[in-house]
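One file, final.tsv, is given below (TSV, C-alpha atoms).
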chain	number	residue	atom	x	y	z
A	24	MET	CA	1.64	16.87	-35.87
A	25	GLN	CA	-0.60	19.32	-34.07
A	26	LEU	CA	-1.49	18.41	-30.48
A	27	ASN	CA	-4.04	19.71	-28.05
A	28	ILE	CA	-2.30	20.46	-24.76
A	29	GLU	CA	-4.43	20.82	-21.66
A	30	ILE	CA	-2.76	22.30	-18.61
A	31	LYS	CA	-4.18	22.60	-15.12
A	32	ARG	CA	-3.57	26.26	-14.32
A	33	TYR	CA	-3.71	27.99	-10.97
A	34	ASN	CA	-2.66	31.48	-10.01
A	35	PRO	CA	-3.26	32.05	-6.29
A	36	ASP	CA	-3.45	35.83	-6.86
A	37	GLU	CA	-6.32	35.53	-9.35
A	38	ASP	CA	-7.98	32.09	-9.12
A	39	ASP	CA	-10.15	30.58	-6.42
A	40	GLU	CA	-9.77	27.12	-7.89
A	41	PRO	CA	-7.45	25.46	-10.41
A	42	HIS	CA	-8.86	25.29	-13.94
A	43	TRP	CA	-7.91	23.67	-17.25
A	44	GLU	CA	-6.67	25.67	-20.25
A	45	SER	CA	-6.09	24.31	-23.76
A	46	TYR	CA	-3.35	25.15	-26.27
A	47	GLU	CA	-2.62	24.02	-29.83
A	48	VAL	CA	1.04	23.02	-30.05
A	49	PRO	CA	3.07	21.66	-33.02
A	50	ALA	CA	5.08	18.57	-32.09
A	51	GLU	CA	7.29	15.78	-33.43
A	52	PRO	CA	7.08	12.21	-32.11
A	53	LEU	CA	10.56	12.43	-30.58
A	54	ASP	CA	9.94	15.73	-28.81
A	55	SER	CA	9.87	15.52	-25.04
A	56	ALA	CA	6.74	16.41	-23.13
A	57	LEU	CA	8.74	19.23	-21.56
A	58	SER	CA	9.30	20.80	-24.98
A	59	LEU	CA	5.52	21.08	-25.42
A	60	LEU	CA	5.25	23.04	-22.18
A	61	LEU	CA	8.20	25.24	-23.14
A	62	HIS	CA	6.54	25.94	-26.49
A	63	VAL	CA	3.44	27.12	-24.62
A	64	LYS	CA	5.53	29.28	-22.28
A	65	TRP	CA	7.81	30.78	-24.92
A	66	HIS	CA	5.35	31.25	-27.79
A	67	ILE	CA	1.78	31.28	-26.47
A	68	ASP	CA	1.44	32.21	-22.81
A	69	GLY	CA	4.47	33.45	-20.88
A	70	THR	CA	2.59	33.35	-17.59
A	71	LEU	CA	2.73	29.53	-17.47
A	72	SER	CA	4.88	28.48	-14.53
A	73	LEU	CA	6.79	25.22	-14.27
A	74	ARG	CA	10.03	23.93	-12.81
A	75	LYS	CA	12.77	22.58	-15.04
A	76	SER	CA	16.52	22.61	-14.86
A	77	CYS	CA	18.69	20.04	-16.59
A	78	ALA	CA	15.95	18.71	-18.89
A	79	HIS	CA	17.82	15.39	-19.03
A	80	GLY	CA	16.20	13.35	-16.26
A	81	ILE	CA	18.86	14.08	-13.67
A	82	CYS	CA	17.74	17.02	-11.56
A	83	GLY	CA	14.21	15.73	-10.99
A	84	SER	CA	12.63	19.17	-11.01
A	85	ASP	CA	9.97	18.66	-13.69
A	86	ALA	CA	7.99	15.80	-12.17
A	87	MET	CA	4.29	16.31	-12.86
A	88	GLN	CA	1.15	14.43	-13.74
A	89	ILE	CA	1.06	13.78	-17.48
A	90	ASN	CA	-2.01	12.06	-18.94
A	91	GLY	CA	-2.94	11.13	-15.39
A	92	GLU	CA	0.39	9.52	-14.45
A	93	ASN	CA	3.31	10.96	-12.52
A	94	LYS	CA	6.26	11.37	-14.85
A	95	LEU	CA	9.30	13.52	-15.54
A	96	ALA	CA	8.27	15.85	-18.37
A	97	CYS	CA	11.80	15.82	-19.83
A	98	SER	CA	12.02	12.02	-19.87
A	99	VAL	CA	8.84	11.11	-21.68
A	100	LEU	CA	8.41	11.44	-25.43
A	101	VAL	CA	5.42	12.67	-27.39
A	102	GLN	CA	5.24	9.35	-29.26
A	103	ASP	CA	4.54	7.63	-25.94
A	104	LEU	CA	1.74	10.04	-25.07
A	105	ALA	CA	-0.09	10.68	-28.34
A	106	ASP	CA	-0.81	8.71	-31.52
A	107	GLY	CA	-1.28	11.54	-33.98
A	108	ASP	CA	-2.78	14.85	-35.04
A	109	GLY	CA	-5.39	16.32	-32.72
A	110	ASP	CA	-4.59	14.04	-29.77
A	111	THR	CA	-4.76	15.55	-26.30
A	112	ILE	CA	-2.03	15.46	-23.66
A	113	THR	CA	-2.86	16.68	-20.18
A	114	PHE	CA	-0.47	18.26	-17.68
A	115	ALA	CA	-1.22	18.81	-13.99
A	116	PRO	CA	0.87	19.38	-10.88
A	117	LEU	CA	1.77	16.35	-8.77
A	118	PRO	CA	-1.37	15.28	-6.90
A	119	SER	CA	-1.88	15.93	-3.18
A	120	ALA	CA	0.88	18.54	-2.97
A	121	PRO	CA	0.10	22.19	-2.21
A	122	VAL	CA	0.31	24.16	-5.48
A	123	ILE	CA	2.29	27.40	-5.56
A	124	LYS	CA	1.39	28.24	-9.15
A	125	ASP	CA	0.35	26.22	-12.21
A	126	LEU	CA	2.66	23.15	-12.33
A	127	ILE	CA	4.86	24.22	-9.43
A	128	ILE	CA	4.21	22.49	-6.14
A	129	ASP	CA	5.40	23.45	-2.67
A	130	GLN	CA	8.09	20.85	-1.93
A	131	SER	CA	8.82	21.94	1.62
A	132	ARG	CA	6.77	19.14	3.19
A	133	PHE	CA	8.40	16.60	0.87
A	134	PHE	CA	11.91	17.67	1.88
A	135	GLU	CA	10.96	17.92	5.55
A	136	LYS	CA	10.13	14.20	5.48
A	137	TYR	CA	13.38	13.60	3.61
A	138	ARG	CA	15.35	15.27	6.42
A	139	ASP	CA	13.36	13.32	9.04
A	140	VAL	CA	14.96	10.04	7.97
A	141	LYS	CA	18.49	11.45	8.48
A	142	PRO	CA	19.69	10.98	4.91
A	143	TRP	CA	23.37	11.09	5.69
A	144	LEU	CA	26.04	8.63	6.87
A	145	ILE	CA	25.98	8.14	10.65
A	146	THR	CA	29.16	6.59	12.02
A	147	ASP	CA	30.23	5.60	15.52
A	148	GLY	CA	33.93	4.93	15.23
A	149	PRO	CA	36.85	7.28	14.68
A	150	GLU	CA	37.15	8.93	11.27
A	151	PRO	CA	39.20	6.75	8.95
A	152	GLU	CA	42.43	8.11	7.47
A	153	ARG	CA	41.22	7.16	4.00
A	154	GLU	CA	37.72	6.91	2.56
A	155	TYR	CA	35.20	4.48	4.08
A	156	GLU	CA	35.57	1.23	2.20
A	157	GLN	CA	32.73	-0.80	0.77
A	158	SER	CA	32.87	-4.01	-1.24
A	159	PRO	CA	31.03	-4.30	-4.59
A	160	GLU	CA	28.70	-6.84	-2.93
A	161	GLU	CA	27.88	-4.44	-0.12
A	162	HIS	CA	27.28	-1.63	-2.58
A	163	ALA	CA	25.02	-3.84	-4.68
A	164	MET	CA	22.58	-3.87	-1.75
A	165	ILE	CA	21.95	-0.14	-2.10
A	166	GLU	CA	22.92	0.64	-5.67
A	167	ASP	CA	19.37	0.72	-7.03
A	168	ALA	CA	18.25	3.03	-4.22
A	169	THR	CA	21.12	5.44	-4.86
A	170	LYS	CA	19.63	6.22	-8.28
A	171	CYS	CA	16.85	8.25	-6.68
A	172	ILE	CA	16.79	11.85	-7.96
A	173	MET	CA	14.22	13.04	-5.39
A	174	CYS	CA	11.72	14.13	-8.03
A	175	GLY	CA	8.76	13.23	-5.79
A	176	ALA	CA	6.86	11.33	-8.50
A	177	CYS	CA	6.62	8.24	-6.25
A	178	THR	CA	5.56	9.97	-3.05
A	179	HIS	CA	2.82	11.89	-4.85
A	180	ALA	CA	1.64	8.75	-6.65
A	181	CYS	CA	0.99	6.99	-3.35
A	182	PRO	CA	-2.61	6.87	-2.08
A	183	SER	CA	-1.27	6.78	1.48
A	184	THR	CA	0.23	10.23	0.83
A	185	TRP	CA	-3.05	11.42	-0.71
A	186	ALA	CA	-4.96	10.31	2.38
A	187	ASP	CA	-2.42	11.32	5.01
A	188	PRO	CA	-0.09	14.23	4.22
A	189	ASP	CA	1.99	13.29	7.29
A	190	TYR	CA	2.87	9.92	5.76
A	191	LEU	CA	6.63	9.76	5.18
A	192	GLY	CA	6.16	8.47	1.65
A	193	PRO	CA	8.25	6.19	-0.55
A	194	ALA	CA	10.97	8.70	-1.48
A	195	ALA	CA	11.95	9.45	2.12
A	196	MET	CA	11.71	5.81	3.15
A	197	LEU	CA	13.74	4.71	0.13
A	198	LYS	CA	16.42	7.08	1.39
A	199	ALA	CA	16.09	5.48	4.83
A	200	TYR	CA	16.62	2.10	3.18
A	201	ARG	CA	19.63	3.42	1.27
A	202	TYR	CA	21.43	4.43	4.49
A	203	THR	CA	20.10	1.67	6.75
A	204	PHE	CA	21.49	-0.97	4.40
A	205	ASP	CA	24.72	0.92	3.75
A	206	SER	CA	27.55	-1.22	5.19
A	207	ARG	CA	29.37	1.94	6.37
A	208	ASP	CA	26.43	3.28	8.38
A	209	ASP	CA	25.88	2.85	12.12
A	210	GLY	CA	22.60	4.76	12.44
A	211	VAL	CA	20.19	1.88	11.92
A	212	GLU	CA	18.34	2.33	15.22
A	213	GLU	CA	17.98	6.10	14.83
A	214	ARG	CA	16.52	5.75	11.37
A	215	LEU	CA	14.26	2.82	12.23
A	216	ASP	CA	12.85	4.91	15.09
A	217	VAL	CA	11.62	7.37	12.44
A	218	VAL	CA	10.27	4.97	9.83
A	219	ASP	CA	8.76	2.51	12.35
A	220	SER	CA	5.99	4.93	13.28
A	221	PRO	CA	2.23	5.34	12.64
A	222	ASP	CA	2.96	7.63	9.68
A	223	GLY	CA	5.83	5.53	8.43
A	224	LEU	CA	6.54	2.11	6.95
A	225	TRP	CA	3.31	0.40	7.94
A	226	LYS	CA	1.20	2.68	5.79
A	227	CYS	CA	2.90	1.25	2.71
A	228	TYR	CA	0.31	-1.22	1.41
A	229	THR	CA	2.58	-2.57	-1.33
A	230	ILE	CA	0.46	-1.41	-4.25
A	231	PHE	CA	3.46	-0.58	-6.49
A	232	ASN	CA	2.31	2.92	-7.55
A	233	CYS	CA	5.78	4.15	-6.56
A	234	ASN	CA	7.46	1.63	-8.85
A	235	GLU	CA	5.13	2.55	-11.70
A	236	SER	CA	5.88	6.24	-11.44
A	237	CYS	CA	9.63	6.15	-10.79
A	238	PRO	CA	11.44	7.67	-13.81
A	239	LYS	CA	14.59	5.80	-12.78
A	240	ASP	CA	12.82	2.41	-12.61
A	241	ILE	CA	13.88	1.90	-9.00
A	242	ASP	CA	12.24	-1.15	-7.43
A	243	ILE	CA	11.03	1.01	-4.52
A	244	THR	CA	8.40	-1.40	-3.16
A	245	ARG	CA	11.01	-4.15	-2.92
A	246	TRP	CA	13.39	-1.99	-0.89
A	247	LEU	CA	10.60	-0.75	1.37
A	248	SER	CA	9.64	-4.37	2.01
A	249	ALA	CA	13.25	-5.07	2.98
A	250	LEU	CA	13.12	-2.11	5.35
A	251	LYS	CA	9.89	-3.46	6.87
A	252	ARG	CA	11.55	-6.82	7.49
A	253	LYS	CA	14.52	-5.04	9.03
A	254	ALA	CA	12.22	-3.05	11.33
A	255	ALA	CA	10.23	-6.15	12.28
A	256	THR	CA	13.29	-8.28	13.03
A	257	SER	CA	14.97	-5.42	14.87
A	258	GLN	CA	11.84	-5.03	16.98
A	259	ALA	CA	11.72	-8.77	17.63
A	260	SER	CA	15.38	-8.85	18.74
A	261	THR	CA	14.79	-5.81	20.98
A	262	THR	CA	11.84	-7.43	22.76
A	263	ALA	CA	13.44	-10.89	22.93
B	30	MET	CA	6.23	13.56	12.93
B	31	ALA	CA	4.62	11.29	15.48
B	32	ALA	CA	6.79	9.70	18.12
B	33	SER	CA	8.04	6.21	17.39
B	34	GLN	CA	5.28	3.73	18.07
B	35	THR	CA	6.07	0.44	16.47
B	36	ASN	CA	3.52	-1.52	14.53
B	37	ALA	CA	6.03	-4.09	13.38
B	38	LEU	CA	4.47	-6.99	15.26
B	39	ASN	CA	0.98	-6.26	13.94
B	40	TRP	CA	2.34	-5.87	10.42
B	41	PHE	CA	4.13	-9.21	10.74
B	42	LEU	CA	1.01	-10.89	12.15
B	43	HIS	CA	-1.04	-9.39	9.31
B	44	ARG	CA	1.17	-11.31	6.85
B	45	ILE	CA	0.98	-14.48	8.89
B	46	THR	CA	-2.80	-14.27	9.39
B	47	GLY	CA	-3.26	-13.48	5.69
B	48	THR	CA	-1.38	-16.66	4.79
B	49	PHE	CA	-3.38	-18.71	7.28
B	50	LEU	CA	-6.65	-17.19	6.03
B	51	ILE	CA	-6.03	-18.66	2.59
B	52	PHE	CA	-5.91	-22.12	4.15
B	53	PHE	CA	-8.80	-21.49	6.57
B	54	LEU	CA	-11.10	-19.95	3.95
B	55	ILE	CA	-10.49	-22.69	1.40
B	56	THR	CA	-11.05	-25.39	4.04
B	57	HIS	CA	-14.13	-23.63	5.39
B	58	PHE	CA	-15.78	-23.18	2.01
B	59	TRP	CA	-14.81	-26.63	0.87
B	60	VAL	CA	-16.15	-28.43	3.91
B	61	GLN	CA	-19.17	-26.23	4.57
B	62	HIS	CA	-20.37	-25.45	1.08
B	63	TYR	CA	-18.81	-27.42	-1.74
B	64	ASP	CA	-17.26	-30.77	-0.92
B	65	HIS	CA	-20.12	-33.22	-1.12
B	66	GLN	CA	-17.94	-36.30	-1.04
B	67	ALA	CA	-15.68	-35.47	1.89
B	68	ALA	CA	-18.53	-33.80	3.70
B	69	SER	CA	-20.64	-36.93	3.25
B	70	VAL	CA	-17.86	-39.07	4.69
B	71	THR	CA	-17.69	-36.78	7.68
B	72	HIS	CA	-21.45	-36.83	8.02
B	73	GLU	CA	-21.47	-40.63	7.97
B	74	VAL	CA	-19.09	-40.60	10.88
B	75	VAL	CA	-20.83	-37.97	12.90
B	76	THR	CA	-24.43	-38.98	12.26
B	77	GLU	CA	-25.77	-42.21	13.62
B	78	LYS	CA	-27.83	-42.98	10.52
B	79	GLY	CA	-24.96	-42.46	8.10
B	80	GLU	CA	-27.29	-40.42	5.91
B	81	MET	CA	-27.72	-36.80	5.15
B	82	PRO	CA	-30.64	-35.39	7.15
B	83	ASP	CA	-33.73	-34.59	5.13
B	84	TYR	CA	-34.05	-31.10	3.81
B	85	PRO	CA	-37.29	-29.22	4.07
B	86	GLU	CA	-38.87	-29.24	0.61
B	87	GLU	CA	-38.57	-25.48	0.20
B	88	ALA	CA	-34.86	-25.64	1.03
B	89	GLU	CA	-34.25	-28.35	-1.57
B	90	GLU	CA	-36.07	-26.34	-4.21
B	91	GLY	CA	-34.07	-23.26	-3.27
B	92	VAL	CA	-30.75	-25.09	-3.53
B	93	GLU	CA	-31.73	-26.68	-6.87
B	94	ALA	CA	-32.89	-23.37	-8.30
B	95	ARG	CA	-29.65	-21.65	-7.41
B	96	MET	CA	-27.06	-24.41	-7.86
B	97	GLY	CA	-28.59	-26.99	-10.22
B	98	SER	CA	-30.35	-30.29	-9.78
B	99	SER	CA	-27.27	-32.23	-8.63
B	100	ALA	CA	-26.38	-29.70	-5.93
B	101	GLU	CA	-26.26	-30.52	-2.28
B	102	ALA	CA	-25.91	-28.21	0.68
B	103	THR	CA	-24.78	-28.78	4.24
B	104	PRO	CA	-27.76	-28.15	6.49
B	105	TYR	CA	-27.58	-26.55	9.92
B	106	GLN	CA	-28.23	-29.84	11.71
B	107	VAL	CA	-25.15	-31.43	10.17
B	108	VAL	CA	-22.95	-28.54	11.25
B	109	MET	CA	-24.32	-28.85	14.77
B	110	GLN	CA	-23.90	-32.62	14.76
B	111	ARG	CA	-20.35	-32.27	13.61
B	112	LEU	CA	-19.66	-29.86	16.46
B	113	ALA	CA	-21.30	-32.30	18.90
B	114	ASP	CA	-19.36	-35.32	17.71
B	115	PRO	CA	-17.07	-36.72	20.42
B	116	VAL	CA	-14.24	-37.25	17.95
B	117	TYR	CA	-14.54	-34.40	15.48
B	118	ALA	CA	-15.84	-31.64	17.73
B	119	VAL	CA	-12.40	-30.81	19.13
B	120	LEU	CA	-10.95	-30.65	15.63
B	121	TRP	CA	-13.70	-28.44	14.19
B	122	LYS	CA	-14.01	-26.24	17.26
B	123	GLY	CA	-10.26	-25.73	17.30
B	124	PHE	CA	-10.36	-24.96	13.58
B	125	ASN	CA	-13.21	-22.47	14.00
B	126	ILE	CA	-11.62	-20.72	16.98
B	127	LEU	CA	-8.33	-20.32	15.14
B	128	PHE	CA	-10.22	-19.14	12.07
B	129	LEU	CA	-12.07	-16.61	14.22
B	130	VAL	CA	-8.95	-15.22	15.91
B	131	VAL	CA	-6.99	-15.04	12.67
B	132	ALA	CA	-9.84	-13.40	10.72
B	133	LEU	CA	-10.54	-10.87	13.47
B	134	HIS	CA	-6.90	-9.83	13.76
B	135	HIS	CA	-6.48	-9.60	10.01
B	136	GLY	CA	-9.69	-7.67	9.46
B	137	PHE	CA	-9.37	-5.27	12.35
B	138	TYR	CA	-5.69	-4.53	11.74
B	139	GLY	CA	-6.68	-3.68	8.17
B	140	LEU	CA	-9.53	-1.51	9.46
B	141	ASN	CA	-7.10	0.27	11.79
B	142	ASN	CA	-4.87	1.01	8.83
B	143	VAL	CA	-7.76	2.55	6.95
B	144	MET	CA	-8.77	4.62	9.98
B	145	THR	CA	-5.27	5.99	10.55
B	146	ASP	CA	-5.15	6.87	6.85
B	147	TYR	CA	-8.00	9.29	7.34
B	148	ILE	CA	-7.84	10.25	11.02
B	149	ARG	CA	-4.74	12.34	11.59
B	150	ASN	CA	-5.43	13.69	15.06
B	151	PRO	CA	-3.54	11.51	17.62
B	152	MET	CA	-6.44	11.57	20.08
B	153	GLY	CA	-8.91	10.72	17.29
B	154	ARG	CA	-6.68	7.82	16.28
B	155	LEU	CA	-6.52	6.57	19.85
B	156	VAL	CA	-10.31	6.71	20.24
B	157	ALA	CA	-10.92	5.01	16.86
B	158	ARG	CA	-8.36	2.34	17.64
B	159	ALA	CA	-9.80	1.69	21.12
B	160	LEU	CA	-13.31	1.56	19.69
B	161	SER	CA	-12.39	-0.84	16.88
B	162	TRP	CA	-10.47	-3.23	19.15
B	163	THR	CA	-13.37	-3.14	21.62
B	164	VAL	CA	-15.72	-4.19	18.83
B	165	ALA	CA	-13.21	-6.88	17.85
B	166	LEU	CA	-13.11	-8.12	21.44
B	167	GLY	CA	-16.91	-8.21	21.54
B	168	LEU	CA	-17.02	-10.21	18.32
B	169	LEU	CA	-14.33	-12.54	19.66
B	170	ILE	CA	-16.33	-13.24	22.82
B	171	LEU	CA	-19.52	-13.73	20.80
B	172	GLY	CA	-17.71	-16.01	18.34
B	173	LEU	CA	-16.01	-18.03	21.06
B	174	TYR	CA	-19.32	-18.46	22.86
B	175	SER	CA	-21.04	-19.60	19.63
B	176	VAL	CA	-18.33	-22.08	18.71
B	177	ILE	CA	-17.72	-23.49	22.19
B	178	THR	CA	-21.38	-23.95	23.05
B	179	ALA	CA	-22.40	-25.26	19.61
B	180	GLY	CA	-23.56	-28.86	19.80
B	181	TRP	CA	-23.87	-28.88	23.57

Take the structure from the file and write it as structure tokens.
Amino acid sequence: MQLNIEIKRYNPDEDDEPHWESYEVPAEPLDSALSLLLHVKWHIDGTLSLRKSCAHGICGSDAMQINGENKLACSVLVQDLADGDGDTITFAPLPSAPVIKDLIIDQSRFFEKYRDVKPWLITDGPEPEREYEQSPEEHAMIEDATKCIMCGACTHACPSTWADPDYLGPAAMLKAYRYTFDSRDDGVEERLDVVDSPDGLWKCYTIFNCNESCPKDIDITRWLSALKRKAATSQASTTA
Amino acid sequence: MAASQTNALNWFLHRITGTFLIFFLITHFWVQHYDHQAASVTHEVVTEKGEMPDYPEEAEEGVEARMGSSAEATPYQVVMQRLADPVYAVLWKGFNILFLVVALHHGFYGLNNVMTDYIRNPMGRLVARALSWTVALGLLILGLYSVITAGW
């Protein structure tokens, strides 16, 4: 089939504002959305800029807004975006993020928030002679959250991020959940200090946009709610 | 990143007040606007005549036009009589005061969330927060005065 591809283009050296450009691209139903963009780049307009690496839904580098929803371009198929000949598929950079060029966003703010939540194991005791042990039940608490590939689709799908760029966002707070609820971790207080802040947990209004956009189907809202309960009970026990 | 400033208690209370609001709103609308039977029973207790007070003709026509010929409405006098009743006044005043406190906390905490979504300057947030809670306090005093003095 022949599809009409519309891409939100922006070159900071030439454009004052982003603008839409259209391309006619041949496609098969089982092609990925990413392959449409690569066709444009390789055969029509080599100046198109986008991030992609593994192209298999692991590296998380090609998250973008496709037909108005945040998705991984490599993980969504043409048949799920278009019905047939002449249909239009739109591509835009993730909303609310500063755009470097075309579909490439500046991720520095995103990763700054990620580092804020101390996404590493914090331990108090002496280093064990063998690996830290964890039972299957203990791991089950965090297994879903460990699937996060840090693509940023969730954080940039959240209206709280759109309104307040300082908001930590679901990706960073999911990482906080992942370590806070890790049975081997002793850094609960340090991490709760970060997420229990005016730009943290309490700006999550439980609207499930993060769940909708997650390419790994992580139940992000559920884990953020667990983190809220943890922060609330921790606060209650501190003041008691 | 702003310094840690917990909002856990307010978040928790927002959930609690939201749950209570479901009960309060349903009870309020049922008793004040919809429940003719239970409301009539209450009115029989709190009014000496055991009858609904007469409506002004225009009010009856207005209610019929909007809600149908079988509709009834609770007039102002009944509400006042209920709040003056020696038995029921404590119940309804307590209900209304709790309703007021719960609704104000729920509404103004929500408003504060919206404001901090859009006001990023810490001083601006402080001013907006102080202003909103001052308005809430004013409404609380006004509401408490209205409920407590009603029926006196």

Quick one: residues within 12 Å of A:Leu191, only C-alpha atoms counted, chain neighbours fewer than 2 positions away excluded, as number ranges by chain? A: 132-140, 175, 177-179, 181, 183-189, 193-199, 217-227, 247; B: 30-31

From the options A:Asp216, A:Asp38, A:Met24, A:Met173, which residue's atoms come nearest to A:Ala255, counting all atoms listed in the file? A:Asp216

Do you have the atom CA of B:Leu166-atom CA of B:Ala179 distance handy?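 Rounded to one decimal, the two atoms are 19.6 Å apart.
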
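Across B:Gly153, B:Gly139, B:Gly91, B:Gly167, the tightest approach to chain A is made by B:Gly139 when counting all atoms listed in the file.
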
Specify as a PyMOL selection string all residues of chain B found within 12 Å of chain A, counting only C-alpha atoms. chain B and resi 30-44+138-139+141-151+154-155

Counting all atoms listed in the file, which of B:Leu140, B:Leu54, B:Val119, B:Leu133 gets nearest to B:Leu171? B:Leu133

Length of the atom CA of A:Glu40 to atom CA of A:Ser131 vector [Å]: 21.5 Å

List the neighbours of A:Asp110 out to 10 Å using all atoms listed in the file; skip same-chain residues closer than 5 positions along the sequence, and give me the result as a list in words.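 Contacts, with the query itself left out: Met24, Gln25, Leu26, Asn27, Ile28, Leu104 and Ala105 of chain A.
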
Enter the distance from atom CA of A:Val122 to atom CA of A:Trp143, in Å, rounded to one decimal.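 So the two atoms, atom CA of A:Val122 and atom CA of A:Trp143, lie 28.8 Å apart.
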